[in-house]
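Notes to accompany the following structure.
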Amino acid sequence: MKVPLGWLGELVRLPSPTELADKLTLAGLEVASARAIGVDAPQGLRIDEPSPPWAVDKVLVCKVLRVDPHPDAEKLKLPVVDMGGGIEKVVVTGAPNLKVGDSGQTCVIGLTGSTLLDGHSQTKVYKTLAPTKIRGVLSDAMLCSAYELGLSDDHEGLLFLDEGEGKPGQSATSVLGDVVLEIDILPNMARCLSLVGIAREVAALTGAPLSLPEPKPQATGPELGSAIGVSIPDSSLCSRYRAIALDGVKVGKSPGWMRRRLAAAGMRPISNVVDITNYVMLELGQPLHAFDLDKLEARSGGKPIQIEARPARAGEKIRTLDGQERALEAGLLVIADSQGPIAVAGVMGGAETEVGAETTRILLEGASFDPVAIRRGARALQLHSEASQRFTRGVPAELASMGLDRAAELLIAHAGATLRRGHAEVWPVQTQPKKVRLPHASVERLLGVAPSLEKIREILSALDFLCKPLADGEPGFEVEVPWHRLDIQDGVADLVEDIARLWGHAHIPARLPGGPAPASAPQADLEFEDRVRDTLAGLGLREMISHALSCPEREEAFVGNGAGPAVALANPISPDRCQLRRSLLPGVIEATRNNCRHAETVRLFEVGTAFLTDPTRGPFPREQRRVSLGVAGKRTETHWEDGEQAQPGYIDFFDMKGVVESLLAGLGIQGAKFQQPGTPAPHLHPGRQALLIGPDGEAWGSLGELHPRLARALDIAQPRLILAELELAPIQACSKEIPRVKPVPRFPAALRDIAVVVDNSTSAGELREGILEAGGGLVAACRLFDLFSGKGIAPGKKSIAFALGYQAADKTLSDKEIDQAHRKVEDHLRKRFGAQVRGKDDAPVIV
Amino acid sequence: MQVLEDLEAKGLAELAQATDEALLRLWHGNWLGRTGHVPAALKRVAEIPPQERKAYGQTANRVKETLTGAYEKALEREREAVLDRELQAPPLDPTLPGRNAPRGGLHPSTQTLRRILRVFGDLGYQAYRSREVEDDETNFGLLNMPPHHPARDMWDTFHTTTPGLLLRTHTSPGQIHVMRERAPAPIRVVLPGMCHRYEQITARSEIMFHQVEGLCVGEGITLADLKGTLEVFIRRMFGDSRQMRIRSSYFPFTEPSIEVDMDCMLCGGAGCAVCKHSGWVEILGAGMVHPTVLRNGGYDPARFSGFAFGMGPERITMLLSGIDDIRYFWGNDLRFLGQF
């Protein structure tokens, strides 16, 4: 809400703009910015459209004495103006609204040295006036347009002040200067969508007295009688509808001060009738609507006009003020006469009964509509007006008559109108003022401290609350809520909020909650996720977070056939963000690829949610927490000592496997296995992937190289992008944060190597398991150190070598014991895998 | 005896030829090792006539001592010489690049979230997670925003194609979940999580962001307790000298509602673009839990009271690290992430 302080200052005495803005902001009326018109910008605020102030001795009010023709140019004129103090001045102007022979207009003149907007520039540029010659006539001053003064965008002609606004020689600042505050109005502060509402707050905050308009229009026209009838079939949709009629209206321009105030408040001046209804809405908060009474009568065909506030009927239509033909959804609240809708209640009037230049008689509506009904109407028609904004937040029924009276008063004064006696009105349920029991203790109960009863009474009274001591003698008040406080919902808490607000939060002490504290250990899954993050960060991976919204094309390759449909959005912001993700991998791939453009090595991980639908679990999706990893690029960054030949290799499957193994070790997990999947995951290279299987046989996720076809489709430059995605819950179930410690071996390990030739189909993991099994607990370490096939090895076979460490917990093993154990291992491998032990079972080698 | 004298002279002469540690050790093996010349000479004492044996033994032992002493001295001298050479080597150029050790790290949002949770953990608050896909009732209705409530306009919402199901717009529905789970026990929880809003993605607004909601419910909880709690938080999070200011505000689920500002870290209160020239920056919103919300959570507002607060880790990170574009957060550019 834009609040011109010149206007507000008429309702309540104001402190400086900065102090006012500060007080309002702390009290919940946040001043977002300010605009200075011709005056210095207030300190400590963001300034909209900063502009230099008008020099008080150079931008002045003057009066046109006469207008002479320019000797050389037909379009130019030479007005002679009275500058006050008997000084006259000749200026040059080309303004179309000043003609040779005119006199008596009050204008603003800018003298040499004043800085004003340049009316000749296409963009907003400030220019300091310097003397020039225009077509041979010296010009050291200019008469200003509203644009040049920064008052509006109007540069069609000079700005004329109304009769009596300013005397020649007076500074323009003293007449036109103003500061406008932009105040953010919170939903519970709808009462402050009016100057009067804000003035009430200012008065309560500063203690300054209020002087509110008290309209008492003189009704001198004929009695309205039964010419107009009003009815409301459902009072829950419209609690009050009142109409008055005015004759003899002369539609024209509204007074300059009113136009300037409307413009400063952000509303375009239109005509006196429209401007006055808008002015009253801004001043009091009551939206009004004017109908052309003659047009209404014509519609009724001579019968009395029957106005109804009712839900629209199926098939009804209306052409609104903006010229649009609109079909009305059944149930939408409309104002109708016997012929059908004439306005969408509280949103916009109809074109057929619109007030125009030819209008002489008007019917003025002041009503209170149900906020939800208006909200629906505004939504349905996509029309959000100043009026609907106020109605959707609630306009008290009591305001209708005050708004109409104020408008009538202004129409009589500024549109030559005559007010007809009487009014048409329906106000079915007049609510009694709400009363709230406010014991003193209840204030302290919420705030932790309470101002004295006297102070509470002072604060609440300043806001128009009526405080009576409690009848039962308990310290406190029975508080009567004034009609303009529709926001008071839950009595006590609302009042306590007002007390805290106006007393000042600075009075509230800072304490900490007492009493026993509940258990404070975080949820176990949150703690576990942090361990996952820390472990991976420690392994050199960088955490990333990507958008949870995805689209089918992006996910297609990454969700198996078993996955249910995604959670789809009804109102996506764009087609590529239309559903919740079911895999984190697309985000990880995208980030890995993007980073590979500028980094040699990329190692990323994300801990996040996959949203999986599961109709058996009700409407909510399963929010499955996962960790996804993506690595690509060089194994390490190139180092100068490596030289040209010894460049580091590229990351492959086994780098990722190492990361996953270290992650599991860091999480205290033993017994997980990597195995070839029965059916390869489609997004991974069919021959370079593995399933991670937990100790209980449950699949935790998969890892592998991004399928080369996908890599090509995604335009990935790196030779390989390695991915992993694991589900966290089953891993957490197997994770031990605190390990049980085994004693450190006290006796030395004896090393023996074993190299065997086996079928290619025999996996390293099987061999390793076989060795450990046969070792009978004496094999403490088993490290694969060589894998070889090709020359010297039969086709379909491979040579694989392990370094074994034999060790016992209770003694140093003798050579004999070690030999014995080692033989057992060899025998086992021969028997189980058909292995040839190299160096022992080799076929004779022919040299 | 002369044999022994000769042995000694020969040993010393050969020792003098050993010019490095390996040769010295080889010499030691040849001369003093188990099968070396000296032990062999000592063993020969049995072949010596008995009357000469004593003298032979004495001499042999002296030769052993002499050679052992000479060896140790030579070894020590050689080691010293090696050390000297090592120390006199030309110094390396310490400005040459180090060998890269991969550095991982946590996302800035995670880091800020942890700092926030740590402060509240110290104050006895438990971290609690609730679901991200919510129903309308929990996200709005039970938080004192019935359908068509004008305050719903404060949150632009992503709706799913299942009627009534939406992406939570704030972590506040977690308040309802935790209250219904724990009522009537006292509560101190912080609810971290991802929230979603229907917005255009710009430097200032994102469709997805973290929030941390705090909730304290019990008997005798007051606005003063909230103020003290937030003061501790701001000092711990932003430094001891930070000033805090409370403004009245409005949230449907708290009453009274407040907004908490901190003096601007960037300009020190003088006024700049970050603080919109006011000298203050908004840090969080808070208030006393609305009686209707307490009731919806299963707490009798006549007996229990509580406070709640909410803040955005990304916004806080932006203030702390001077980030001017929120899109960096989910952009996952290592040149951004690597700075944390």
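Ordered as shown in the structure tokens, chains take letters A, B, and onward, while each chain numbers its residues from 1 and ligands are numbered from 1 in the order shown.
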
Residues of chain A within 6 Å of chain B, counting only C-alpha atoms, as a VMD selection string: chain A and resid 26 to 28 44 to 46 187 372 446 to 448 493 497 501 508 to 513 520 to 523 537 540 to 546 568 to 570 591 639

So that I can see what lies close to Gly366 of chain A, please list as a short mmCIF file (atom, residue, chain, number, x, y, z; two decimals) with C-alpha atoms, in the first residue's frame the residues with an atom at most 9 Å from it, counting only C-alpha atoms and leaving out residues fewer than 3 positions away in the same chain.
data_model
loop_
_atom_site.label_atom_id
_atom_site.label_comp_id
_atom_site.auth_asym_id
_atom_site.auth_seq_id
_atom_site.Cartn_x
_atom_site.Cartn_y
_atom_site.Cartn_z
CA ARG A 240 -24.81 -5.69 4.19
CA TYR A 241 -25.84 -3.92 1.01
CA ARG A 242 -26.63 -0.22 1.00
CA ALA A 243 -27.25 2.10 -1.94
CA ILE A 244 -27.75 5.85 -2.23
CA GLN A 286 -14.60 0.79 1.82
CA PRO A 287 -14.73 -0.10 -1.88
CA LEU A 288 -17.71 1.56 -3.58
CA HIS A 289 -19.29 1.09 -6.96
CA LEU A 399 -18.06 0.77 7.10
CA ALA A 400 -20.61 0.78 4.25
CA SER A 401 -22.67 3.77 5.43
CA MET A 402 -19.59 5.79 6.39
CA GLY A 403 -18.05 5.18 2.96
CA LEU A 404 -21.25 6.21 1.17
#

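When only C-alpha atoms are used to compute distances to Ala309 of chain A, the closest of the residues A:Gly792, A:Gly229, A:Pro748, A:Pro719 turns out to be A:Gly229.
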
Helix (DSSP H, G or I) per DSSP on the backbone: members of segment 183-236 of chain B, as a list in words: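 The helix (DSSP H, G or I) residues within segment 183-236 of chain B come out as Leu223, Ala224, Asp225, Leu226, Lys227, Gly228, Thr229, Leu230, Glu231, Val232, Phe233, Ile234, Arg235 and Arg236 of chain B.
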
Non-local contacts of Thr93 of chain A (8 Å; only C-alpha atoms; under 4 positions in same chain excluded) as an MDAnalysis selection string: chainID A and resid 76:79 142:143

Neighbour list for Leu75 of chain B as an NGL selection string, cut-off 9 Å, only C-alpha atoms, skip fewer than 6 positions in-chain: :B and (20-21 or 24-25)

Residues of segment 145-368 of chain A in strand (DSSP E), written as a VMD selection string: chain A and resid 178 to 184 219 to 223 228 to 231 238 to 247 288 to 292 305 to 311 317 to 319 325 to 327 333 to 337 340 to 344 348 to 349 362 to 368

Atomic separation - atom CA of Asp655 of chain A relative to atom CA of Leu604 of chain A, Å: 13.0 Å

With only C-alpha atoms as the counted atoms, please give the residues lying no more than 10 Å from segment 87-92 of chain A, apart from itself and same-chain residues fewer than 5 positions off, as a tab-separated table (two decimals) with N, CA and C atoms, in the first residue's frame.
chain	number	residue	atom	x	y	z
A	62	CYS	N	3.72	30.16	-9.69
A	62	CYS	CA	3.54	31.45	-10.35
A	62	CYS	C	2.17	31.50	-10.99
A	63	LYS	N	1.77	32.70	-11.38
A	63	LYS	CA	0.43	32.84	-11.96
A	63	LYS	C	0.56	33.51	-13.32
A	64	VAL	N	-0.14	32.96	-14.31
A	64	VAL	CA	-0.05	33.52	-15.66
A	64	VAL	C	-0.84	34.84	-15.71
A	65	LEU	N	-0.14	35.92	-16.10
A	65	LEU	CA	-0.81	37.22	-16.20
A	65	LEU	C	-1.41	37.39	-17.59
A	66	ARG	N	-0.61	37.03	-18.60
A	66	ARG	CA	-1.12	37.04	-19.97
A	66	ARG	C	-0.21	36.16	-20.81
A	67	VAL	N	-0.66	35.82	-22.01
A	67	VAL	CA	0.17	35.02	-22.90
A	67	VAL	C	0.33	35.76	-24.22
A	68	ASP	N	1.59	36.14	-24.54
A	68	ASP	CA	1.87	36.85	-25.78
A	68	ASP	C	2.30	35.86	-26.85
A	69	PRO	N	2.09	36.23	-28.11
A	69	PRO	CA	2.59	35.36	-29.18
A	69	PRO	C	4.11	35.47	-29.30
A	70	HIS	N	4.74	34.40	-29.78
A	70	HIS	CA	6.19	34.43	-30.03
A	70	HIS	C	6.38	35.13	-31.38
A	76	LEU	N	5.22	28.37	-30.49
A	76	LEU	CA	5.70	28.85	-29.20
A	76	LEU	C	4.91	30.07	-28.73
A	77	LYS	N	4.84	30.18	-27.41
A	77	LYS	CA	4.13	31.31	-26.81
A	77	LYS	C	5.02	31.92	-25.74
A	78	LEU	N	4.70	33.17	-25.39
A	78	LEU	CA	5.48	33.85	-24.37
A	78	LEU	C	4.56	34.24	-23.22
A	79	PRO	N	4.37	33.34	-22.27
A	79	PRO	CA	3.55	33.73	-21.13
A	79	PRO	C	4.32	34.70	-20.23
A	80	VAL	N	3.58	35.65	-19.68
A	80	VAL	CA	4.16	36.56	-18.68
A	80	VAL	C	3.55	36.14	-17.35
A	81	VAL	N	4.44	35.81	-16.38
A	81	VAL	CA	3.91	35.28	-15.13
A	81	VAL	C	4.26	36.18	-13.95
A	82	ASP	N	3.37	36.12	-12.97
A	82	ASP	CA	3.57	36.84	-11.70
A	82	ASP	C	4.33	35.90	-10.76
A	109	ILE	N	7.01	27.12	-11.96
A	109	ILE	CA	8.10	27.60	-12.80
A	109	ILE	C	9.44	27.11	-12.23
A	133	LYS	N	18.78	30.51	-25.63
A	133	LYS	CA	17.92	31.33	-26.48
A	133	LYS	C	17.04	30.40	-27.29
A	134	ILE	N	15.72	30.57	-27.24
A	134	ILE	CA	14.83	29.76	-28.07
A	134	ILE	C	14.29	30.67	-29.16
A	135	ARG	N	14.68	30.39	-30.40
A	135	ARG	CA	14.26	31.19	-31.55
A	135	ARG	C	14.45	32.68	-31.27
A	137	VAL	N	14.64	34.29	-28.52
A	137	VAL	CA	14.15	34.87	-27.25
A	137	VAL	C	14.89	34.20	-26.11
A	138	LEU	N	15.46	35.00	-25.21
A	138	LEU	CA	16.21	34.45	-24.09
A	138	LEU	C	15.26	33.72	-23.15
A	139	SER	N	15.66	32.49	-22.75
A	139	SER	CA	14.83	31.72	-21.82
A	139	SER	C	15.69	31.32	-20.63
A	140	ASP	N	15.36	31.84	-19.44
A	140	ASP	CA	16.13	31.45	-18.26
A	140	ASP	C	15.22	30.82	-17.21
A	141	ALA	N	14.08	30.31	-17.65
A	141	ALA	CA	13.15	29.62	-16.74
A	141	ALA	C	12.17	28.84	-17.60
A	142	MET	N	11.48	27.86	-16.97
A	142	MET	CA	10.45	27.18	-17.76
A	142	MET	C	9.24	26.84	-16.91
A	143	LEU	N	8.09	26.83	-17.57
A	143	LEU	CA	6.88	26.37	-16.90
A	143	LEU	C	6.87	24.84	-17.02
A	168	PRO	N	1.75	32.95	-5.77
A	168	PRO	CA	2.96	33.22	-6.56
A	168	PRO	C	4.16	33.48	-5.67
A	169	GLY	N	5.25	32.86	-6.02
A	169	GLY	CA	6.49	33.05	-5.25
A	169	GLY	C	6.71	31.99	-4.19

Residue among B:Ile283, B:Lys54, B:Glu181, B:Val293 lying closest to Phe140 of chain B, counting only C-alpha atoms: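 Distance minimum relative to Phe140 of chain B lands on B:Val293.
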
Close residues, Val559 of chain A itself excluded, 8 Å, only C-alpha atoms, min 4 positions apart in chain, as a VMD selection string: chain A and resid 555 563 582 to 583

How would the residues just chosen look if you wrote them out with all heavy atoms as an mmCIF file, in the first residue's frame?
data_model
loop_
_atom_site.group_PDB
_atom_site.id
_atom_site.type_symbol
_atom_site.label_atom_id
_atom_site.label_comp_id
_atom_site.auth_asym_id
_atom_site.auth_seq_id
_atom_site.Cartn_x
_atom_site.Cartn_y
_atom_site.Cartn_z
ATOM 1 N N GLU A 555 14.114 -39.459 -16.720
ATOM 2 C CA GLU A 555 14.191 -40.582 -15.783
ATOM 3 C C GLU A 555 14.139 -41.941 -16.452
ATOM 4 O O GLU A 555 14.547 -42.942 -15.872
ATOM 5 C CB GLU A 555 12.998 -40.521 -14.827
ATOM 6 C CG GLU A 555 13.044 -39.369 -13.877
ATOM 7 C CD GLU A 555 12.315 -39.740 -12.607
ATOM 8 O OE1 GLU A 555 11.177 -40.224 -12.680
ATOM 9 O OE2 GLU A 555 12.919 -39.579 -11.551
ATOM 10 N N ALA A 563 9.281 -49.994 -11.019
ATOM 11 C CA ALA A 563 8.928 -48.748 -10.337
ATOM 12 C C ALA A 563 7.528 -48.321 -10.746
ATOM 13 O O ALA A 563 7.160 -48.382 -11.913
ATOM 14 C CB ALA A 563 9.933 -47.661 -10.699
ATOM 15 N N ARG A 582 12.396 -40.273 -9.266
ATOM 16 C CA ARG A 582 12.406 -41.634 -8.716
ATOM 17 C C ARG A 582 13.829 -42.164 -8.635
ATOM 18 O O ARG A 582 14.055 -43.294 -8.210
ATOM 19 C CB ARG A 582 11.536 -42.549 -9.583
ATOM 20 C CG ARG A 582 10.053 -42.294 -9.376
ATOM 21 C CD ARG A 582 9.231 -43.024 -10.402
ATOM 22 N NE ARG A 582 9.430 -42.458 -11.727
ATOM 23 C CZ ARG A 582 8.940 -43.013 -12.845
ATOM 24 N NH1 ARG A 582 8.251 -44.129 -12.779
ATOM 25 N NH2 ARG A 582 9.142 -42.443 -14.009
ATOM 26 N N SER A 583 14.773 -41.390 -9.125
ATOM 27 C CA SER A 583 16.181 -41.763 -9.009
ATOM 28 C C SER A 583 16.986 -40.479 -8.900
ATOM 29 O O SER A 583 16.601 -39.444 -9.445
ATOM 30 C CB SER A 583 16.628 -42.542 -10.248
ATOM 31 O OG SER A 583 18.046 -42.632 -10.270
#

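Pairwise distance (atom CA of Glu329 of chain A, atom CA of Ser235 of chain A) equals 19.9 Å.
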
Separation of atom CA of Leu363 of chain A from atom CA of Thr277 of chain A in Å: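 Between these atoms lies a distance of 11.9 Å.
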
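Nearest to Val274 of chain B of all the residues B:Asp300, B:Asp261, B:Asp324, B:Glu76 is B:Asp324, counting only C-alpha atoms.
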